[in-house]
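Next comes protein.txt, with compact mmCIF, C-alpha atoms.
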```
# COMPACT_ATOMS: atom_id res chain seq x y z
CA MET A 515 41.02 117.11 115.19
CA THR A 516 41.81 114.41 117.77
CA THR A 517 45.06 114.11 119.69
CA PRO A 518 47.39 111.39 118.34
CA LEU A 519 47.41 108.26 120.50
CA THR A 520 50.03 105.63 121.25
CA ILE A 521 48.43 102.32 122.23
CA VAL A 522 50.25 99.12 123.19
CA HIS A 523 48.34 95.93 122.39
CA THR A 524 49.25 92.67 124.11
CA SER A 525 47.43 89.52 125.21
CA ASP A 526 47.69 85.93 126.42
CA TRP A 527 50.06 86.43 129.33
CA HIS A 528 48.96 83.15 130.97
CA LEU A 529 50.27 84.15 134.39
CA GLY A 530 50.78 81.04 136.51
CA HIS A 531 51.68 78.86 133.53
CA GLU A 532 53.87 75.82 134.10
CA LEU A 533 55.46 73.82 131.30
CA HIS A 534 55.57 70.19 132.34
CA ALA A 535 56.03 71.22 135.99
CA HIS A 536 58.63 73.87 135.16
CA PRO A 537 57.43 77.25 136.52
CA ARG A 538 57.58 80.35 134.31
CA GLU A 539 57.61 83.05 137.03
CA ALA A 540 61.08 84.37 136.16
CA GLU A 541 60.16 84.68 132.48
CA HIS A 542 56.95 86.51 133.35
CA ASP A 543 58.85 88.86 135.67
CA ALA A 544 61.37 89.59 132.91
CA PHE A 545 58.58 90.29 130.40
CA LEU A 546 56.61 92.55 132.74
CA ALA A 547 59.71 94.54 133.72
CA TRP A 548 60.56 94.99 130.03
CA LEU A 549 56.96 95.99 129.23
CA LEU A 550 56.95 98.64 131.97
CA ASP A 551 60.12 100.16 130.53
CA ARG A 552 58.73 100.13 126.99
CA LEU A 553 55.41 101.70 128.02
CA GLU A 554 57.31 104.54 129.67
CA ALA A 555 59.79 104.99 126.81
CA LEU A 556 57.00 105.00 124.22
CA GLY A 557 54.94 107.49 126.18
CA ALA A 558 52.00 105.12 125.80
CA ASP A 559 48.54 106.54 126.37
CA CYS A 560 46.82 103.18 126.71
CA LEU A 561 47.64 99.51 127.27
CA LEU A 562 45.22 96.90 125.90
CA ILE A 563 45.42 93.35 127.31
CA ALA A 564 43.08 91.19 125.22
CA GLY A 565 42.34 88.21 127.45
CA ASP A 566 43.95 85.14 129.00
CA ILE A 567 45.61 87.11 131.76
CA TYR A 568 45.88 83.89 133.74
CA ASP A 569 46.63 80.36 132.59
CA VAL A 570 43.74 78.78 134.48
CA ALA A 571 40.43 79.96 135.89
CA ASN A 572 41.69 79.44 139.45
CA PRO A 573 45.27 80.75 139.25
CA PRO A 574 47.83 80.50 142.07
CA THR A 575 48.01 83.44 144.48
CA ALA A 576 51.46 84.34 143.15
CA ALA A 577 50.02 84.87 139.65
CA ILE A 578 47.32 87.22 140.96
CA GLN A 579 49.92 89.15 142.97
CA ARG A 580 52.11 89.41 139.88
CA LEU A 581 49.30 91.09 137.91
CA PHE A 582 48.45 93.49 140.74
CA ARG A 583 52.11 94.46 141.22
CA PHE A 584 52.39 95.21 137.52
CA LEU A 585 49.24 97.35 137.55
CA ARG A 586 50.43 99.22 140.66
CA ASP A 587 53.87 99.91 139.16
CA ALA A 588 52.48 100.91 135.75
CA MET A 589 50.01 103.38 137.20
CA ALA A 590 52.61 104.83 139.59
CA ARG A 591 55.29 105.29 136.92
CA MET A 592 52.90 106.57 134.24
CA PRO A 593 50.19 108.69 135.90
CA ASP A 594 48.36 109.28 132.61
CA LEU A 595 48.42 105.68 131.35
CA GLN A 596 45.03 104.04 130.88
CA ILE A 597 44.74 100.22 130.93
CA VAL A 598 41.94 98.10 129.48
CA ILE A 599 41.83 94.39 130.40
CA THR A 600 39.34 91.85 129.05
CA GLY A 601 38.77 88.24 130.07
CA GLY A 602 39.79 85.29 127.92
CA ASN A 603 38.66 81.68 127.70
CA HIS A 604 41.32 80.63 130.25
CA ASP A 605 40.20 83.28 132.74
CA SER A 606 37.50 83.28 135.37
CA ALA A 607 35.33 86.21 134.28
CA ALA A 608 34.43 86.96 137.90
CA ARG A 609 38.09 87.01 138.91
CA VAL A 610 38.92 89.55 136.20
CA ASP A 611 35.98 91.75 137.21
CA LEU A 612 36.57 91.47 140.96
CA PRO A 613 39.10 94.33 141.52
CA GLY A 614 36.93 96.78 139.57
CA ALA A 615 35.30 98.25 142.70
CA LEU A 616 38.72 98.98 144.24
CA VAL A 617 40.41 100.86 141.39
CA ASP A 618 40.06 104.10 139.46
CA SER A 619 37.72 103.05 136.65
CA GLN A 620 38.89 106.02 134.56
CA ARG A 621 42.41 104.58 134.44
CA LEU A 622 41.81 100.84 134.73
CA HIS A 623 38.87 99.33 132.84
CA LEU A 624 38.16 95.65 133.58
CA VAL A 625 35.66 93.52 131.64
CA GLY A 626 35.81 89.83 132.51
CA ASN A 627 32.39 88.82 131.22
CA LEU A 628 30.13 90.40 128.63
CA PRO A 629 28.32 92.89 130.91
CA ARG A 630 24.54 92.86 130.89
CA ARG A 631 21.82 94.90 132.57
CA ASP A 632 18.19 93.82 132.43
CA GLY A 633 19.14 91.19 129.85
CA GLU A 634 20.73 93.68 127.45
CA VAL A 635 24.43 94.39 126.86
CA ASP A 636 25.52 97.04 129.37
CA HIS A 637 27.26 99.47 127.04
CA ASP A 638 28.20 101.80 129.89
CA ARG A 639 30.49 99.09 131.26
CA LEU A 640 31.58 97.75 127.90
CA PHE A 641 33.01 100.98 126.47
CA ALA A 642 36.03 102.89 127.75
CA GLN A 643 36.93 106.40 126.61
CA ILE A 644 40.66 106.97 126.06
CA ALA A 645 42.23 110.39 126.57
CA GLY A 646 45.19 111.74 124.66
CA SER A 647 48.23 113.46 126.11
CA ASN A 648 46.28 116.73 126.45
CA GLY A 649 43.54 115.04 128.47
CA ASP A 650 40.89 115.35 125.77
CA PRO A 651 38.85 112.30 124.66
CA SER A 652 40.74 110.82 121.70
CA ALA A 653 39.32 107.31 121.13
CA LEU A 654 36.67 104.87 122.31
CA VAL A 655 37.45 101.24 123.15
CA ALA A 656 34.85 98.48 122.94
CA ALA A 657 36.29 96.12 125.58
CA VAL A 658 34.71 92.88 124.32
CA PRO A 659 35.85 89.85 126.37
CA PHE A 660 35.68 86.18 125.42
CA CYS A 661 32.02 85.55 124.62
CA ARG A 662 30.42 82.21 125.40
CA PRO A 663 27.57 80.82 123.24
CA GLY A 664 25.04 82.08 125.77
CA ASP A 665 26.31 85.63 125.21
CA TYR A 666 25.62 85.68 121.47
CA GLY A 667 21.86 86.15 121.51
CA ALA A 668 19.54 85.29 118.63
CA ALA A 669 21.69 87.13 116.07
CA GLY A 670 24.76 85.00 116.82
CA LEU A 671 28.36 86.13 117.20
CA SER A 672 28.32 88.31 114.07
CA GLY A 673 25.13 90.01 115.22
CA LEU A 674 26.61 90.66 118.66
CA TYR A 675 29.70 92.37 117.24
CA SER A 676 27.62 94.27 114.70
CA ALA A 677 25.41 95.71 117.45
CA ILE A 678 28.44 96.62 119.58
CA ILE A 679 30.17 98.39 116.69
CA GLU A 680 26.98 100.23 115.82
CA GLU A 681 26.63 101.47 119.39
CA GLY A 682 30.36 102.24 119.52
CA CYS A 683 30.16 104.44 116.43
CA ARG A 684 27.24 106.30 117.97
CA ARG A 685 29.08 106.87 121.23
CA ALA A 686 32.42 107.67 119.58
CA ASP A 687 30.79 110.53 117.66
CA GLY A 688 33.69 110.83 115.25
CA LEU A 689 36.45 109.58 117.55
CA PRO A 690 38.43 106.50 116.45
CA LEU A 691 36.73 103.26 117.51
CA ILE A 692 38.98 100.45 118.77
CA VAL A 693 37.39 97.01 119.19
CA MET A 694 38.84 94.25 121.37
CA GLY A 695 38.03 90.56 121.18
CA HIS A 696 39.20 87.15 122.38
CA LEU A 697 38.29 84.50 119.82
CA HIS A 698 39.54 82.52 116.84
CA VAL A 699 38.84 84.47 113.68
CA ALA A 700 38.93 82.40 110.49
CA GLY A 701 42.33 82.68 108.82
CA GLY A 702 44.22 82.92 112.09
CA GLU A 703 46.98 80.36 112.60
CA ILE A 704 46.47 78.32 115.76
CA SER A 705 49.26 76.75 117.83
CA GLU A 706 49.15 73.01 118.42
CA ARG A 707 49.17 72.04 122.12
CA SER A 708 48.64 75.65 123.30
CA GLU A 709 45.27 77.02 122.25
CA ARG A 710 41.77 75.67 122.53
CA ASN A 711 39.48 76.02 119.58
CA ILE A 712 37.00 78.22 121.39
CA LEU A 713 34.35 78.01 118.69
CA VAL A 714 33.98 74.23 118.95
CA GLY A 715 30.85 73.09 117.18
CA GLY A 716 30.60 76.01 114.77
CA GLU A 717 32.46 77.65 111.95
CA GLU A 718 35.05 80.26 112.85
CA ALA A 719 33.68 83.68 111.95
CA GLN A 720 35.18 85.57 109.06
CA ALA A 721 36.71 88.93 110.00
CA SER A 722 34.57 90.64 107.35
CA SER A 723 31.41 89.42 109.12
CA LEU A 724 32.53 90.66 112.53
CA PHE A 725 34.25 93.97 111.85
CA ASP A 726 33.86 96.79 109.34
CA GLY A 727 35.76 99.79 108.05
CA ARG A 728 34.45 102.04 110.81
CA CYS A 729 36.87 100.38 113.26
CA ALA A 730 40.20 102.18 113.49
CA TYR A 731 41.87 99.04 114.94
CA VAL A 732 40.81 95.59 116.17
CA ALA A 733 42.92 94.22 119.05
CA LEU A 734 42.53 90.44 119.33
CA GLY A 735 43.69 87.82 121.80
CA HIS A 736 43.70 84.00 121.92
CA LEU A 737 46.15 83.02 119.15
CA HIS A 738 49.75 82.97 120.36
CA ARG A 739 51.42 83.73 117.02
CA PRO A 740 51.52 87.48 116.32
CA GLN A 741 49.64 87.91 113.06
CA GLN A 742 47.64 90.25 110.90
CA ILE A 743 44.17 89.16 109.82
CA LYS A 744 42.84 90.20 106.43
CA GLY A 745 39.73 92.33 106.80
CA PRO A 746 38.07 95.68 106.19
CA CYS A 747 40.22 97.44 108.83
CA PRO A 748 43.51 96.79 110.69
CA ILE A 749 42.93 93.53 112.62
CA ARG A 750 45.73 91.99 114.64
CA TYR A 751 46.56 89.26 117.13
CA SER A 752 49.35 90.57 119.36
CA GLY A 753 50.34 87.04 120.38
CA SER A 754 51.74 85.79 123.68
CA PRO A 755 54.88 87.17 125.37
CA PHE A 756 56.90 83.96 124.97
CA PRO A 757 56.40 80.31 123.87
CA PHE A 758 54.04 78.14 125.87
CA SER A 759 54.97 74.97 123.97
CA ALA A 760 57.73 73.76 121.68
CA THR A 761 55.46 74.38 118.68
CA GLU A 762 55.74 78.12 119.40
CA ARG A 763 59.52 78.29 119.68
CA GLU A 764 60.03 79.92 116.28
CA TYR A 765 57.40 82.61 116.75
CA ARG A 766 58.69 86.18 116.81
CA HIS A 767 56.82 87.20 119.96
CA SER A 768 56.12 90.91 120.10
CA ILE A 769 53.88 93.69 121.30
CA ALA A 770 51.91 95.77 118.81
CA VAL A 771 52.54 99.51 119.11
CA VAL A 772 49.53 101.20 117.52
CA ARG A 773 49.74 104.88 116.69
CA ILE A 774 46.43 106.48 115.79
CA ALA A 775 46.31 109.89 114.15
CA GLU A 776 43.43 111.41 112.21
CA GLY A 777 41.47 108.20 112.68
CA ALA A 778 44.07 106.02 110.93
CA ALA A 779 46.17 103.38 112.67
CA GLU A 780 49.82 102.56 112.00
CA VAL A 781 51.16 99.40 113.63
CA GLU A 782 54.76 98.68 114.55
CA LEU A 783 55.90 95.43 116.17
CA GLU A 784 58.45 95.44 118.98
CA PRO A 785 60.12 92.06 119.57
CA ILE A 786 59.98 90.81 123.15
CA PRO A 787 63.32 89.58 124.55
CA ARG A 788 63.26 85.84 125.25
CA PRO A 789 65.24 85.01 128.40
CA ALA A 790 64.77 81.22 128.18
CA PRO A 791 65.42 79.52 124.79
CA PHE A 792 63.50 76.52 123.46
CA ILE A 793 65.52 73.63 122.02
CA ALA A 794 64.13 70.69 120.05
CA VAL A 795 66.22 67.60 119.37
CA PRO A 796 66.17 66.97 116.52
CA ASP A 797 65.33 70.40 115.21
CA ARG A 798 62.60 68.95 112.96
CA GLY A 799 60.67 65.71 113.09
CA SER A 800 62.23 62.72 114.86
CA ALA A 801 65.51 60.80 114.80
CA PRO A 802 66.78 57.40 115.98
CA LEU A 803 68.02 57.25 119.56
CA SER A 804 71.68 57.05 118.50
CA GLU A 805 71.42 60.32 116.56
CA VAL A 806 69.49 61.98 119.38
CA LEU A 807 72.22 61.03 121.87
CA GLU A 808 74.89 62.46 119.55
CA GLU A 809 73.02 65.75 119.37
CA LEU A 810 72.58 65.86 123.12
CA HIS A 811 76.31 65.31 123.72
CA ALA A 812 77.07 68.15 121.28
CA LEU A 813 74.80 70.53 123.22
CA SER A 814 77.27 70.93 126.09
CA ALA A 815 79.52 73.12 123.93
CA LYS A 816 76.61 75.43 123.05
CA LEU A 817 75.17 76.03 126.53
CA ASP A 818 76.33 78.48 129.20
CA PRO A 819 76.70 76.67 132.54
CA ASP A 820 76.48 80.01 134.39
CA THR A 821 72.90 80.68 133.19
CA PRO A 822 70.55 81.02 136.19
CA ARG A 823 68.48 77.87 136.57
CA GLU A 824 65.16 79.69 136.01
CA PHE A 825 66.41 80.68 132.54
CA TRP A 826 67.84 77.34 131.48
CA PRO A 827 66.67 76.37 127.98
CA PHE A 828 63.64 74.12 127.64
CA LEU A 829 64.35 70.86 125.84
CA GLU A 830 61.94 68.63 123.91
CA ILE A 831 63.19 65.35 122.44
CA THR A 832 61.50 63.28 119.74
CA VAL A 833 62.83 59.77 119.14
CA ALA A 834 61.95 57.63 116.12
CA THR A 835 61.30 54.08 117.33
CA ASP A 836 60.72 50.83 115.46
CA GLY A 837 59.95 48.67 118.47
CA PRO A 838 60.27 48.49 122.28
CA GLN A 839 63.25 50.40 123.70
CA PRO A 840 63.01 49.84 127.47
CA PHE A 841 66.14 51.87 128.32
CA LEU A 842 65.38 54.85 126.09
CA GLN A 843 64.43 57.27 128.88
CA HIS A 844 67.34 56.16 131.07
CA GLU A 845 69.88 56.77 128.28
CA ILE A 846 68.45 60.21 127.54
CA HIS A 847 68.44 61.23 131.19
CA GLN A 848 72.04 60.07 131.50
CA ALA A 849 73.00 62.14 128.45
CA ILE A 850 71.49 65.35 129.82
CA ARG A 851 72.13 64.94 133.57
CA ASP A 852 74.95 67.53 133.58
CA LEU A 853 73.44 69.88 131.01
CA PRO A 854 71.86 73.19 132.07
CA VAL A 855 68.50 72.37 130.43
CA ARG A 856 64.90 71.79 131.56
CA LEU A 857 63.46 68.68 129.92
CA THR A 858 59.83 69.09 128.94
CA ARG A 859 58.97 65.91 127.02
CA ILE A 860 60.41 62.79 125.47
CA VAL A 861 58.19 61.86 122.55
CA ARG A 862 58.37 58.38 121.03
CA GLN A 863 57.33 58.47 117.38
CA SER A 864 56.87 55.08 115.75
CA VAL A 865 58.31 54.73 112.27
CA HIS A 866 55.35 52.40 111.61
CA GLN A 867 52.77 55.02 112.64
CA SER A 868 49.71 54.89 110.44
CA ALA A 869 48.98 57.62 107.92
CA GLU A 870 45.88 58.52 109.96
CA PRO A 871 47.12 58.87 113.56
CA SER A 872 44.72 58.81 116.48
CA PRO A 873 44.23 61.91 118.64
CA TRP A 874 46.52 60.33 121.26
CA ASP A 875 49.61 59.83 119.06
CA GLY A 876 52.64 61.63 120.48
CA LYS A 877 50.58 63.47 123.12
CA GLN A 878 50.28 63.42 126.87
CA ILE A 879 46.78 63.28 128.35
CA GLU A 880 47.03 66.88 129.64
CA GLU A 881 47.66 68.11 126.09
CA LEU A 882 44.43 66.69 124.71
CA GLU A 883 41.39 68.90 124.46
CA PRO A 884 38.20 67.58 126.10
CA ALA A 885 36.49 67.75 122.69
CA GLU A 886 39.20 65.52 121.19
CA ILE A 887 38.68 62.88 123.87
CA PHE A 888 34.90 63.14 123.65
CA SER A 889 34.93 62.80 119.84
CA ALA A 890 37.29 59.81 119.92
CA LEU A 891 35.23 58.01 122.56
CA TYR A 892 32.01 58.82 120.71
CA ARG A 893 33.43 57.32 117.50
CA GLY A 894 34.76 54.36 119.49
CA GLN A 895 31.21 53.55 120.54
CA GLY A 896 30.27 53.23 116.88
CA HIS A 897 28.29 56.46 116.62
CA GLY A 898 30.44 58.11 113.93
CA ASP A 899 31.51 61.73 114.20
CA PRO A 900 29.54 63.88 116.66
CA GLY A 901 27.69 66.63 114.87
CA ALA A 902 28.16 70.37 115.32
CA GLU A 903 25.14 70.62 117.64
CA LEU A 904 26.42 67.92 120.00
CA LEU A 905 29.95 69.34 120.04
CA SER A 906 28.60 72.80 120.78
CA ALA A 907 26.54 71.45 123.70
CA PHE A 908 29.59 69.57 125.00
CA ALA A 909 31.71 72.75 124.76
CA GLU A 910 29.15 74.64 126.83
CA LEU A 911 29.23 71.93 129.51
CA VAL A 912 33.04 71.99 129.66
CA ASP A 913 33.08 75.77 129.90
CA ALA A 914 30.45 75.73 132.68
CA ALA A 915 32.51 73.17 134.61
CA ARG A 916 35.65 75.29 134.28
CA GLN A 917 33.83 78.37 135.55
CA GLU A 918 32.44 76.44 138.55
CA ASP A 919 35.98 75.38 139.46
CA ALA A 920 37.18 79.01 139.43
```
Would you write out, as structure tokens, the structure that this file holds?
Amino acid sequence: MTTPLTIVHTSDWHLGHELHAHPREAEHDAFLAWLLDRLEALGADCLLIAGDIYDVANPPTAAIQRLFRFLRDAMARMPDLQIVITGGNHDSAARVDLPGALVDSQRLHLVGNLPRRDGEVDHDRLFAQIAGSNGDPSALVAAVPFCRPGDYGAAGLSGLYSAIIEEGCRRADGLPLIVMGHLHVAGGEISERSERNILVGGEEAQASSLFDGRCAYVALGHLHRPQQIKGPCPIRYSGSPFPFSATEREYRHSIAVVRIAEGAAEVELEPIPRPAPFIAVPDRGSAPLSEVLEELHALSAKLDPDTPREFWPFLEITVATDGPQPFLQHEIHQAIRDLPVRLTRIVRQSVHQSAEPSPWDGKQIEELEPAEIFSALYRGQGHGDPGAELLSAFAELVDAARQEDA
């Protein structure tokens, strides 16, 4: 009989994130302080962070310090807490791995890149044994990070996970097996403007082809909406701690509290407090400038002028236009100049927009994925749609360039 475990599953912190030049440090500090309190109150045995610790491969120093302070405080306040961190597609794998030589590997397990030794997956580094409150081994975690196409091997992504689960079951020897991953599993709902399709050039894998009933729980990262994935075992995206774009403002961001007893997992969601609201004007779609200005003037009665600036609501505005409106931005800025809000975007949406918009419609250049730009330019040269093989090769080049910049 194994000791019951309490595991907290989270992901996609994106430390260092800025939203249209607005920093998110205060929101991250509020989340991490809340998480520390909840870990202690829950008596958590293990914290799983399933990738995208940082927002970019080369994060600002303040973001790295923020992670290290959290780890220091968590391990000081909860001497028995074990933490498993895997790399995501936004992370530099080397940066995630780097502190490993300086920390207690029994308490903090870091896997930035799929570890290999002599060309084979290094299972000794991949797996982490989790102890229960009595100190006895109570579960085994397969800490699978974001895997690039070169990591798959001849058997592909499904074959890679199958081999890891097979080895995990052998090593677990009857203990519950928990599998981590950072990828887009088919059926998961992606957030526009926030998440890259990290299987560009291939079909998203079905959960049933990646995981099987021998897994007690599958802890996923990458998708920002907390969601359950249908499969042969409990499979869940924990989601991000707060919205990273206006499209995520209605998500119920949460952590997943996973209690494992007798090999079975029960999952409870704990909502994460949101210190900075997201406001869209209008609430849905677009509206003429006159209606937008009316809504903006009405906002003053709903906002608290004493709110600290770092927690002012974010504001996105979408205006329906039927022709040139040269003073549109000026009128909007005048309307909000005394409001305690942080403007993120003013989107002009033409009422004459075609039924088949281009990839650029309503988007800023920084919101476009490299694959979107590449595909549009490729079609513009008269070559038609790029095939899966070309897109996959392009994705590998982009990923290699991002890692070189880290």
Among listed residues A:Glu703, A:Glu809, A:Asp526, A:Asp618, nearest A:His736 (using only C-alpha atoms)
A:Asp526
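Atom CA of A:Val625 lies 5.9 Å from atom CA of A:Asp611.
Closest approach to A:Ile578 from the set A:Ala590, A:Ile769, A:Cys661, A:Leu612 is made by A:Leu612, with distances taken over all atoms listed in the file.
Proximity to A:Arg763 was assessed for A:Pro840, A:Pro663, A:Pro827, A:Gly735 counting only C-alpha atoms; the smallest distance is recorded for A:Pro827.
The closest residue to A:Ile521, picked from A:Leu829, A:Leu616, A:Leu595, A:Ala849 and counting all atoms listed in the file, is A:Leu595.
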Between A:Tyr892, A:Val617, A:Gln839, A:Ile831, which one has atoms that come closest to A:Met589, using only C-alpha atoms?
A:Val617
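Distance annotation: of A:Arg773, A:His528, A:His534, A:Arg739, the residue with the minimal separation from A:Gly646 is A:Arg773; atom set is only C-alpha atoms.
Residues of protein, DNA or RNA having at least one counted atom within 10 Å of (34.7, 95.5, 111.8), given all atoms listed in the file, are Ser672, Tyr675, Ser676, Ile679, Glu680, Leu691, Ile692, Val693, Ala721, Ser722, Ser723, Leu724, Phe725, Asp726, Gly727, Arg728, Cys729, Ala730, Tyr731, Val732, Gly745, Pro746, Cys747, Pro748 and Ile749 of chain A.
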Filtering to C-alpha atoms, could you give me those residues as a CSV table (one decimal), in the frame of the given file?
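Saved result, selection-v8.csv, follows:
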```csv
chain,number,residue,atom,x,y,z
A,672,SER,CA,28.3,88.3,114.1
A,675,TYR,CA,29.7,92.4,117.2
A,676,SER,CA,27.6,94.3,114.7
A,679,ILE,CA,30.2,98.4,116.7
A,680,GLU,CA,27.0,100.2,115.8
A,691,LEU,CA,36.7,103.3,117.5
A,692,ILE,CA,39.0,100.4,118.8
A,693,VAL,CA,37.4,97.0,119.2
A,721,ALA,CA,36.7,88.9,110.0
A,722,SER,CA,34.6,90.6,107.4
A,723,SER,CA,31.4,89.4,109.1
A,724,LEU,CA,32.5,90.7,112.5
A,725,PHE,CA,34.2,94.0,111.8
A,726,ASP,CA,33.9,96.8,109.3
A,727,GLY,CA,35.8,99.8,108.0
A,728,ARG,CA,34.4,102.0,110.8
A,729,CYS,CA,36.9,100.4,113.3
A,730,ALA,CA,40.2,102.2,113.5
A,731,TYR,CA,41.9,99.0,114.9
A,732,VAL,CA,40.8,95.6,116.2
A,745,GLY,CA,39.7,92.3,106.8
A,746,PRO,CA,38.1,95.7,106.2
A,747,CYS,CA,40.2,97.4,108.8
A,748,PRO,CA,43.5,96.8,110.7
A,749,ILE,CA,42.9,93.5,112.6
```
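Counting from atom CA of A:Leu857, the distance to atom CA of A:His536 is 8.8 Å.
The interatomic distance for the pair atom CA of A:Phe545 and atom CA of A:Phe825 works out to 12.6 Å.
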